[in-house]
Amino acid sequence: MTVVSQDEKRFVIFNLSGENFGIGVDRVREVVNTPGIALVPSEDGLLEGIINLRGNVVPVMNAARLLGMDDKDPEDFASVVVVETGNEVVGFLVEKVVAVAPLEAEPVPSGGTANNVNAEAIEGIARMDEDQLVLLMNVDCLLKK
Amino acid sequence: MDNLNISKEDLKLFLEELDEQIEVMEEGFLTLEREGADPEVVSATFRAAHTVKGSSAAIGHQRMTALTHAMENVMDKIRQGELGTSSEVMNPLLKGLDLLRPFKQTLATNSDTDVDISQALQELRDVAERKPQDSASGPKSSGPMDVSESFMQRIHYAQEEGLVALEINVTLAPESIMPSVRAYQVYQAVASIGEILASDPTLNEIEDENVGTELKFWIITASGREAIRSAVAEVTDVTGVSVSPVKVPKDKEEADRAKPGGAAPSDEDTKSGAAAAIENRTVRVDVTVLDSLMNLIGELVIDRTRLGQLSAELSELAGVEDLASEVGRISNHLARITGFLQEEILKARMLPIEKLFKKFPRMVRDLSMKFNKPINFEVNGKDTELDRAVIEMLSDPLMHLLRNAIDHGLESPDERRAAGKTEEGNLTLSAYHSYNQIVVEVSDDGRGIDPQRVIESAVRKGVITPDRAKEITDREAIMLIFSPGFSTAEKVSEVSGRGVGLDVVRKNIDALGGRVDVESDLGRGTTFRIFLPLTLATVRALMVRAGGQTFAIPLNSVVETLRVDKRLIKSMRRQQVVTVRDMVVPIYRLESSIGLTRRRRSWNDTTAGENDHIYAVIVNGDGKTFGLVVDSLVGEQEIVIKSLGRLIGDVRGLAGATILGDGSLALILDIRGLTGAGWSKDTVAEVAG
């Protein structure tokens, strides 16, 4: 199968329950190390809490749960990736930011992606460092729910 | 939809202006209907209609132009004393206004509308064509144009303001395929240059496609003749344009001025002069700008607090006394300045409540007609200033209370006569300052609330138990009308019994940090009082630590704080309680009361170790008193409320968040929200230890 190569785009690559995920840098406002998150009650557990981002209250979502993955103890999660979607600014709680690197996006193979990841929220895949697979997240799709 | 040629920015301006003019007209029409043709009010409403006509023509909104044109015609007749100001005349005018609103709405949302104005237009025309009341009204000049005295008068005013009156003659090519369209384009072009006093053919005739090749306009403008000529000549099919000044005969002018009933020109001139002067000292500012200024000042306040803390710490260090006192001085100064800044920006957000009160005379009038209950409606304290956010959120609750008073409170004229009252019901809406609060009052002299009926209804609807009904006081009974799902109306009426009750009113007022109270005297009337804080921006709160994070409890909900020996905690029906001065008070862990289960260790857990006592904050919300168990008490503090944002929305028991001196966040509790529905089912959590 020939893959039509798209323009190389830079992605913020992070780790979540053993998988690599990427979000386009154009959507990422910044990455902050987990500051004091004020926990906010949430029935579905998708919302972790809120952080203070230079005077603005920014909600922080549990990215692993949003993606339908196993929920590891979020205490190990060290970073918040702050993204913009529409008029909203949202933080995703992630395990660890691995790199910011250019990746070549490819369509998701017909077989789907690995372990139970909510397929709708993945808009493509990419390869990093020879054999590492990165799942590229569609931020808007993820938050629609 | 009419094809509009307007940019987004201009549309915004247009809508703002439209809003103002609609208000002026509405208030004016109601005053005229009530008090007769006061020349000042007549000319103010006339000008408003005229302005809307002009600006809607400028953006090419044909239906709106046609409608306001017809309204203007009626107003003109009133102005000249040819028509009275009875309800028969005012009804079509008010109806016209009601049609302008949907136009405004659709313009604002950029949606399409199928508002049909033909009936309203016909009614307005019928009214305008009535026989003059006063046959002695001024003579008309001959010709197709009605060059009336008012016309001359306006030219005269314009000249005094330094504008010129011009006559424009336009010739269209006889072979033009769409003369009416071209005529309309010319009309628009001319309207964009100046105020059209009259035209031949009139706009109506143009719209009816009753157009020849010659067009005539009389306008008032500040533009030069050349500019006008070239603007008009740009329209396709225009073959000739001539512009000449309109001559005002000297004797005629004087005759106009001497004529009684015509608006006194000198008056009007001084007024517009003063208005212009004020306008020059005022700028329009988008609310979002004020909001973001508020936010920034909130930040500054936080830093100020932090700096104060650091300065205090510094003063305790040895060897840096000079530095400490310098920092202390700066910190104090900064505190003062930020205080002033905060005050000023709060002032900038204040608006007189008049903006809101204006809406109601019309509503009361319509309801009064609908229910056949004559009403004397009085409005007091229009100048009382409130934060604009509060004003916006007060609208619905007040509307509801007024409807309620008219529908349920005031009796029918027959009933009133039988009770020895005036047939006309009295309804008063007032606003005033009281201590550190603003009070808005809706008061009627109707039948009052019967506590017995309220109790019966409450028991029937399951709002209270029959047992409770036996011991309830009259005052408590009356307060039951604010309970969810309660409505005393026996039959559901279209106006106020639509399932939304007073509980919604209370919910809205609660959201503003205010409270609502009712006082009723059976047979004499009912008064609803809304108490509001002066500002929504800051609130004093008790800061506590619980479950590893900081919470703010607004001081108006806090009764007291207690240090309780654990051995004194009792258990009643699986609920832990403490006894506070002979009162048994249930206690809950703060974090579980809002549903923060300890699903994990938190990041910044500083929970105190094992102790033989607990701290409880006794709070009161909606008459329910309970204790919240916390790890430690931090202190009292002024906090700036921040919303949790749209994405999170409402969380039961939380009023928002605030940023602390060290940059971390604290959740603000909403004690009333905590006691609402759903409370205490699974929150009967274990108290520490």
# chains A, B, ... in the order shown; residues from 1 in each chain; ligands from 1
>>> closest_atom_pairs(of="chain B", to="chain A", cutoff="10 Å", atoms="only C-alpha atoms", output="JSON lines")
{"residue": "B:Asn295", "atom": "CA", "partner": "A:Gly55", "partner_atom": "CA", "distance": 7.8}
{"residue": "B:Leu296", "atom": "CA", "partner": "A:Gly55", "partner_atom": "CA", "distance": 8.0}
{"residue": "B:Gly298", "atom": "CA", "partner": "A:Gly55", "partner_atom": "CA", "distance": 8.4}
{"residue": "B:Glu299", "atom": "CA", "partner": "A:Gly55", "partner_atom": "CA", "distance": 6.3}
{"residue": "B:Leu300", "atom": "CA", "partner": "A:Gly55", "partner_atom": "CA", "distance": 9.8}
{"residue": "B:Ile302", "atom": "CA", "partner": "A:Gly55", "partner_atom": "CA", "distance": 9.5}
{"residue": "B:Gly547", "atom": "CA", "partner": "A:Leu39", "partner_atom": "CA", "distance": 9.6}
{"residue": "B:Gly548", "atom": "CA", "partner": "A:Ala38", "partner_atom": "CA", "distance": 9.2}
{"residue": "B:Gln549", "atom": "CA", "partner": "A:Ala38", "partner_atom": "CA", "distance": 6.6}
{"residue": "B:Thr550", "atom": "CA", "partner": "A:Ala38", "partner_atom": "CA", "distance": 8.1}
{"residue": "B:Phe551", "atom": "CA", "partner": "A:Ala38", "partner_atom": "CA", "distance": 9.5}
{"residue": "B:Glu591", "atom": "CA", "partner": "A:Pro41", "partner_atom": "CA", "distance": 9.0}
{"residue": "B:Ser592", "atom": "CA", "partner": "A:Pro41", "partner_atom": "CA", "distance": 9.3}
{"residue": "B:Ile594", "atom": "CA", "partner": "A:Pro41", "partner_atom": "CA", "distance": 6.9}
{"residue": "B:Gly595", "atom": "CA", "partner": "A:Pro41", "partner_atom": "CA", "distance": 5.6}
{"residue": "B:Leu596", "atom": "CA", "partner": "A:Pro41", "partner_atom": "CA", "distance": 4.9}
{"residue": "B:Thr597", "atom": "CA", "partner": "A:Pro41", "partner_atom": "CA", "distance": 7.9}
{"residue": "B:Arg599", "atom": "CA", "partner": "A:Asp73", "partner_atom": "CA", "distance": 9.5}
{"residue": "B:Arg600", "atom": "CA", "partner": "A:Asp73", "partner_atom": "CA", "distance": 7.6}
{"residue": "B:Arg601", "atom": "CA", "partner": "A:Glu75", "partner_atom": "CA", "distance": 7.6}
{"residue": "B:Ser602", "atom": "CA", "partner": "A:Glu75", "partner_atom": "CA", "distance": 7.4}
{"residue": "B:Trp603", "atom": "CA", "partner": "A:Glu75", "partner_atom": "CA", "distance": 6.9}
{"residue": "B:Asn604", "atom": "CA", "partner": "A:Gly36", "partner_atom": "CA", "distance": 7.0}
{"residue": "B:Lys642", "atom": "CA", "partner": "A:Val57", "partner_atom": "CA", "distance": 7.3}
{"residue": "B:Ser643", "atom": "CA", "partner": "A:Val57", "partner_atom": "CA", "distance": 7.6}
{"residue": "B:Leu644", "atom": "CA", "partner": "A:Val57", "partner_atom": "CA", "distance": 6.5}
{"residue": "B:Gly645", "atom": "CA", "partner": "A:Val57", "partner_atom": "CA", "distance": 7.3}
{"residue": "B:Arg646", "atom": "CA", "partner": "A:Glu88", "partner_atom": "CA", "distance": 8.2}
{"residue": "B:Leu647", "atom": "CA", "partner": "A:Pro59", "partner_atom": "CA", "distance": 7.5}
{"residue": "B:Ile648", "atom": "CA", "partner": "A:Pro59", "partner_atom": "CA", "distance": 7.1}
{"residue": "B:Val651", "atom": "CA", "partner": "A:Pro41", "partner_atom": "CA", "distance": 7.6}
{"residue": "B:Arg652", "atom": "CA", "partner": "A:Pro41", "partner_atom": "CA", "distance": 8.9}
{"residue": "B:Gly653", "atom": "CA", "partner": "A:Pro41", "partner_atom": "CA", "distance": 9.8}
{"residue": "B:Leu654", "atom": "CA", "partner": "A:Val40", "partner_atom": "CA", "distance": 9.0}
{"residue": "B:Gly656", "atom": "CA", "partner": "A:Val57", "partner_atom": "CA", "distance": 9.6}
{"residue": "B:Ala657", "atom": "CA", "partner": "A:Val57", "partner_atom": "CA", "distance": 7.8}
{"residue": "B:Thr658", "atom": "CA", "partner": "A:Val57", "partner_atom": "CA", "distance": 8.5}
{"residue": "B:Ile659", "atom": "CA", "partner": "A:Asn52", "partner_atom": "CA", "distance": 7.1}
{"residue": "B:Leu660", "atom": "CA", "partner": "A:Asn52", "partner_atom": "CA", "distance": 9.6}
{"residue": "B:Gly663", "atom": "CA", "partner": "A:Asn52", "partner_atom": "CA", "distance": 6.9}
{"residue": "B:Ser664", "atom": "CA", "partner": "A:Gly36", "partner_atom": "CA", "distance": 6.0}
{"residue": "B:Leu665", "atom": "CA", "partner": "A:Ala38", "partner_atom": "CA", "distance": 6.0}
{"residue": "B:Ala666", "atom": "CA", "partner": "A:Ala38", "partner_atom": "CA", "distance": 6.7}
{"residue": "B:Leu667", "atom": "CA", "partner": "A:Ala38", "partner_atom": "CA", "distance": 7.3}
>>> residues_around(residues="range 523-526 of chain B", least_positions_apart="6", cutoff="12 Å", atoms="only C-alpha atoms", output="MDAnalysis selection string")
chainID B and resid 401:402 404:406 408:411 415:416 418:421 425:428 441:451 478 517
>>> residues_around(residues="Glu456 in chain B", least_positions_apart="5", cutoff="10 Å", atoms="only C-alpha atoms", output="MDAnalysis selection string")
chainID B and resid 451 461:462 464 466 469 477 488
>>> residues_around(residues="Pro201 in chain B", least_positions_apart="2", cutoff="9 Å", atoms="only C-alpha atoms", output="list in words")
Pro144, Met145, Ala183, Ala198, Ser199, Leu203, Asn204, Glu205, Ile206, Asn210, Val211, Gly212, Glu214, Leu215, Lys216 and Phe217 of chain B
>>> write_last_selection(atoms="N, CA, C and O atoms", output="CSV table (one decimal), in the first residue's frame")
chain,number,residue,atom,x,y,z
B,144,PRO,N,-47.0,67.3,-5.1
B,144,PRO,CA,-47.0,65.9,-4.6
B,144,PRO,C,-46.3,65.8,-3.3
B,144,PRO,O,-46.7,64.9,-2.5
B,145,MET,N,-45.4,66.7,-3.0
B,145,MET,CA,-44.7,66.6,-1.7
B,145,MET,C,-45.5,67.3,-0.6
B,145,MET,O,-46.0,68.4,-0.9
B,183,ALA,N,-34.2,53.3,-8.2
B,183,ALA,CA,-34.7,54.4,-7.3
B,183,ALA,C,-34.4,54.1,-5.9
B,183,ALA,O,-34.0,54.9,-5.1
B,198,ALA,N,-37.8,64.2,3.0
B,198,ALA,CA,-38.9,63.8,2.2
B,198,ALA,C,-38.4,63.4,0.8
B,198,ALA,O,-37.3,63.7,0.5
B,199,SER,N,-39.2,62.6,0.1
B,199,SER,CA,-38.8,62.2,-1.2
B,199,SER,C,-40.0,62.1,-2.1
B,199,SER,O,-41.1,61.9,-1.6
B,203,LEU,N,-40.7,56.5,-0.1
B,203,LEU,CA,-40.1,55.1,0.0
B,203,LEU,C,-41.2,54.1,-0.3
B,203,LEU,O,-41.0,53.1,-0.9
B,204,ASN,N,-42.4,54.4,0.3
B,204,ASN,CA,-43.5,53.4,0.0
B,204,ASN,C,-43.8,53.3,-1.4
B,204,ASN,O,-44.0,52.1,-1.9
B,205,GLU,N,-43.8,54.4,-2.1
B,205,GLU,CA,-44.1,54.3,-3.5
B,205,GLU,C,-43.0,53.6,-4.3
B,205,GLU,O,-43.3,52.8,-5.2
B,206,ILE,N,-41.8,53.8,-3.8
B,206,ILE,CA,-40.7,53.1,-4.5
B,206,ILE,C,-40.8,51.6,-4.3
B,206,ILE,O,-40.7,50.8,-5.2
B,210,ASN,N,-43.9,52.1,-7.8
B,210,ASN,CA,-44.6,53.2,-8.4
B,210,ASN,C,-43.6,54.4,-8.7
B,210,ASN,O,-43.5,55.4,-8.0
B,211,VAL,N,-42.7,54.2,-9.7
B,211,VAL,CA,-41.6,55.0,-9.9
B,211,VAL,C,-41.5,55.5,-11.3
B,211,VAL,O,-41.7,54.7,-12.3
B,212,GLY,N,-41.3,56.8,-11.5
B,212,GLY,CA,-41.1,57.4,-12.9
B,212,GLY,C,-39.6,57.5,-13.1
B,212,GLY,O,-38.8,56.8,-12.5
B,214,GLU,N,-38.1,60.6,-12.8
B,214,GLU,CA,-37.6,61.7,-12.1
B,214,GLU,C,-37.8,61.4,-10.6
B,214,GLU,O,-38.8,61.0,-10.1
B,215,LEU,N,-36.7,61.6,-9.8
B,215,LEU,CA,-36.7,61.4,-8.4
B,215,LEU,C,-36.3,62.7,-7.7
B,215,LEU,O,-35.4,63.5,-8.2
B,216,LYS,N,-36.9,63.0,-6.6
B,216,LYS,CA,-36.7,64.3,-5.9
B,216,LYS,C,-36.5,63.9,-4.4
B,216,LYS,O,-37.2,63.2,-3.9
B,217,PHE,N,-35.4,64.5,-3.8
B,217,PHE,CA,-35.2,64.3,-2.4
B,217,PHE,C,-34.9,65.6,-1.7
B,217,PHE,O,-34.3,66.5,-2.3
>>> atom_distance(atom1="CA of Lys77 in chain B", atom2="CA of Val52 in chain B")
18.0 Å
>>> atom_distance(atom1="CA of Gln21 in chain B", atom2="CA of Ala348 in chain B")
23.0 Å
>>> closest_residue(among="A:Glu84, A:Asp131, A:Glu95, A:Glu120", to="Asn15 in chain A", atoms="only C-alpha atoms")
A:Glu95
>>> select_by_dssp(residues="chain A", states="strand (DSSP E or B)", output="ChimeraX atom specification")
/A:9-16,19-24,28-33,38-39,47-53,56-62,79-85,88-94,96-103,106,122-128,132-137
>>> atom_distance(atom1="CA of Met399 in chain B", atom2="CA of Ile530 in chain B")
12.8 Å
>>> residues_around(residues="Lys96 in chain A", least_positions_apart="6", cutoff="10 Å", atoms="only C-alpha atoms", output="short mmCIF file (atom, residue, chain, number, x, y, z; two decimals) with N, CA and C atoms, in the first residue's frame")
data_model
loop_
_atom_site.label_atom_id
_atom_site.label_comp_id
_atom_site.auth_asym_id
_atom_site.auth_seq_id
_atom_site.Cartn_x
_atom_site.Cartn_y
_atom_site.Cartn_z
N ILE A 13 4.67 14.78 21.79
CA ILE A 13 4.50 13.34 21.97
C ILE A 13 4.56 13.01 23.46
N PHE A 14 3.55 12.29 23.93
CA PHE A 14 3.54 11.97 25.36
C PHE A 14 3.15 10.53 25.59
N ASN A 15 3.36 10.11 26.80
CA ASN A 15 3.17 8.74 27.19
C ASN A 15 1.95 8.59 28.08
N LEU A 16 1.17 7.57 27.78
CA LEU A 16 -0.05 7.36 28.55
C LEU A 16 -0.28 5.85 28.62
N ASN A 20 2.28 5.71 23.10
CA ASN A 20 2.70 7.06 22.74
C ASN A 20 1.57 7.75 22.01
N ASN A 33 4.27 21.24 34.14
CA ASN A 33 4.43 20.13 35.07
C ASN A 33 3.30 20.20 36.09
N ASP A 76 0.88 9.20 39.25
CA ASP A 76 2.16 9.09 38.56
C ASP A 76 2.27 10.08 37.41
N PHE A 77 1.17 10.70 37.09
CA PHE A 77 1.17 11.55 35.92
C PHE A 77 1.81 12.88 36.25
N ALA A 78 2.76 13.26 35.42
CA ALA A 78 3.61 14.38 35.81
C ALA A 78 3.28 15.67 35.07
N SER A 79 2.59 15.58 33.93
CA SER A 79 2.45 16.79 33.12
C SER A 79 1.02 17.05 32.69
N VAL A 80 0.75 18.29 32.40
CA VAL A 80 -0.52 18.67 31.82
C VAL A 80 -0.24 19.31 30.46
N VAL A 81 -0.82 18.72 29.41
CA VAL A 81 -0.69 19.31 28.09
C VAL A 81 -1.90 20.23 27.89
#
>>> residues_around(residues="Val100 in chain A", least_positions_apart="5", cutoff="12 Å", atoms="only C-alpha atoms", output="number ranges by chain")
A: 9-14, 21-26, 28, 30-31, 81, 128
>>> write_last_selection(atoms="all heavy atoms", output="CSV table (one decimal), in the first residue's frame")
chain,number,residue,atom,x,y,z
A,9,LYS,N,4.7,17.5,10.1
A,9,LYS,CA,4.1,18.5,11.1
A,9,LYS,C,4.7,18.2,12.4
A,9,LYS,O,5.0,17.0,12.7
A,9,LYS,CB,2.6,18.2,11.1
A,9,LYS,CG,1.8,19.3,11.7
A,9,LYS,CD,0.3,19.0,11.4
A,9,LYS,CE,-0.4,19.2,12.8
A,9,LYS,NZ,-1.8,18.8,12.7
A,10,ARG,N,4.8,19.1,13.3
A,10,ARG,CA,5.4,18.9,14.6
A,10,ARG,C,4.4,18.5,15.6
A,10,ARG,O,3.3,19.0,15.6
A,10,ARG,CB,6.2,20.1,15.1
A,10,ARG,CG,7.4,20.5,14.3
A,10,ARG,CD,8.1,21.7,14.8
A,10,ARG,NE,8.8,21.5,16.0
A,10,ARG,CZ,10.0,21.0,16.1
A,10,ARG,NH1,10.6,20.6,15.0
A,10,ARG,NH2,10.6,20.9,17.3
A,11,PHE,N,4.7,17.5,16.4
A,11,PHE,CA,3.8,17.0,17.4
A,11,PHE,C,4.4,17.0,18.8
A,11,PHE,O,5.6,16.8,18.9
A,11,PHE,CB,3.4,15.6,17.0
A,11,PHE,CG,2.4,15.5,15.9
A,11,PHE,CD1,2.9,15.4,14.6
A,11,PHE,CD2,1.1,15.4,16.1
A,11,PHE,CE1,2.1,15.4,13.5
A,11,PHE,CE2,0.2,15.3,15.0
A,11,PHE,CZ,0.7,15.3,13.7
A,12,VAL,N,3.6,17.2,19.8
A,12,VAL,CA,4.0,17.0,21.1
A,12,VAL,C,3.6,15.5,21.4
A,12,VAL,O,2.5,15.1,21.3
A,12,VAL,CB,3.2,17.9,22.1
A,12,VAL,CG1,3.5,17.6,23.5
A,12,VAL,CG2,3.5,19.4,21.8
A,13,ILE,N,4.7,14.8,21.8
A,13,ILE,CA,4.5,13.3,22.0
A,13,ILE,C,4.6,13.0,23.5
A,13,ILE,O,5.5,13.5,24.2
A,13,ILE,CB,5.6,12.6,21.2
A,13,ILE,CG1,5.5,12.9,19.7
A,13,ILE,CG2,5.4,11.1,21.4
A,13,ILE,CD1,6.8,12.7,19.0
A,14,PHE,N,3.6,12.3,23.9
A,14,PHE,CA,3.5,12.0,25.4
A,14,PHE,C,3.1,10.5,25.6
A,14,PHE,O,2.6,9.8,24.7
A,14,PHE,CB,2.6,12.9,26.1
A,14,PHE,CG,1.2,13.0,25.6
A,14,PHE,CD1,0.3,12.1,26.0
A,14,PHE,CD2,0.9,14.0,24.7
A,14,PHE,CE1,-1.0,12.2,25.5
A,14,PHE,CE2,-0.4,14.0,24.1
A,14,PHE,CZ,-1.4,13.1,24.6
A,21,PHE,N,1.3,9.0,22.4
A,21,PHE,CA,0.3,9.8,21.7
A,21,PHE,C,0.9,11.1,21.3
A,21,PHE,O,1.9,11.5,21.9
A,21,PHE,CB,-0.9,10.1,22.7
A,21,PHE,CG,-1.7,8.9,23.0
A,21,PHE,CD1,-1.4,8.1,24.1
A,21,PHE,CD2,-2.8,8.5,22.2
A,21,PHE,CE1,-2.1,6.9,24.4
A,21,PHE,CE2,-3.5,7.4,22.5
A,21,PHE,CZ,-3.2,6.6,23.6
A,22,GLY,N,0.3,11.6,20.2
A,22,GLY,CA,0.8,12.9,19.7
A,22,GLY,C,-0.4,13.9,19.5
A,22,GLY,O,-1.5,13.5,19.1
A,23,ILE,N,-0.1,15.1,19.8
A,23,ILE,CA,-1.1,16.2,19.5
A,23,ILE,C,-0.3,17.3,18.7
A,23,ILE,O,0.8,17.6,19.1
A,23,ILE,CB,-1.6,16.9,20.8
A,23,ILE,CG1,-2.4,15.8,21.6
A,23,ILE,CG2,-2.6,18.0,20.4
A,23,ILE,CD1,-3.0,16.4,22.9
A,24,GLY,N,-0.9,17.7,17.6
A,24,GLY,CA,-0.2,18.7,16.8
A,24,GLY,C,0.2,20.0,17.6
A,24,GLY,O,-0.6,20.4,18.4
A,25,VAL,N,1.4,20.5,17.4
A,25,VAL,CA,1.8,21.7,18.1
A,25,VAL,C,0.9,22.9,17.9
A,25,VAL,O,0.8,23.7,18.8
A,25,VAL,CB,3.3,22.1,17.8
A,25,VAL,CG1,4.3,21.1,18.4
A,25,VAL,CG2,3.5,22.2,16.4
A,26,ASP,N,0.2,22.9,16.8
A,26,ASP,CA,-0.6,24.0,16.5
A,26,ASP,C,-1.8,24.1,17.5
A,26,ASP,O,-2.4,25.1,17.7
A,26,ASP,CB,-1.1,24.0,15.1
A,26,ASP,CG,-1.7,22.7,14.7
A,26,ASP,OD1,-1.4,21.7,15.3
A,26,ASP,OD2,-2.6,22.6,13.8
A,28,VAL,N,-1.4,22.9,20.7
A,28,VAL,CA,-0.9,22.9,22.1
A,28,VAL,C,-0.5,24.3,22.5
A,28,VAL,O,0.3,24.9,21.8
A,28,VAL,CB,0.2,21.9,22.2
A,28,VAL,CG1,0.8,22.0,23.6
A,28,VAL,CG2,-0.2,20.5,21.9
A,30,GLU,N,0.7,25.0,25.7
A,30,GLU,CA,1.9,24.8,26.5
A,30,GLU,C,1.8,23.5,27.2
A,30,GLU,O,0.8,22.8,27.3
A,30,GLU,CB,2.1,25.9,27.5
A,30,GLU,CG,1.0,26.1,28.5
A,30,GLU,CD,1.1,27.4,29.2
A,30,GLU,OE1,2.1,27.5,30.0
A,30,GLU,OE2,0.3,28.3,29.0
A,31,VAL,N,3.0,23.1,27.8
A,31,VAL,CA,3.0,21.9,28.7
A,31,VAL,C,3.5,22.4,30.0
A,31,VAL,O,4.5,23.1,30.1
A,31,VAL,CB,4.0,20.9,28.1
A,31,VAL,CG1,4.1,19.7,29.0
A,31,VAL,CG2,3.6,20.4,26.7
A,81,VAL,N,-0.8,18.7,29.4
A,81,VAL,CA,-0.7,19.3,28.1
A,81,VAL,C,-1.9,20.2,27.9
A,81,VAL,O,-3.0,19.8,27.9
A,81,VAL,CB,-0.7,18.2,27.0
A,81,VAL,CG1,-0.6,18.9,25.6
A,81,VAL,CG2,0.5,17.3,27.2
A,128,MET,N,8.0,6.8,15.1
A,128,MET,CA,9.0,7.6,15.7
A,128,MET,C,10.2,6.7,16.0
A,128,MET,O,10.0,5.6,16.4
A,128,MET,CB,8.5,8.3,16.9
A,128,MET,CG,9.4,9.1,17.7
A,128,MET,SD,8.7,9.8,19.2
A,128,MET,CE,8.3,8.4,20.2
>>> select_by_dssp(residues="range 252-420 of chain B", states="alpha helix (DSSP H)", output="number ranges by chain")
B: 252-258, 265-280, 287-315, 321-348, 354-357, 360-371, 388-404, 413-418
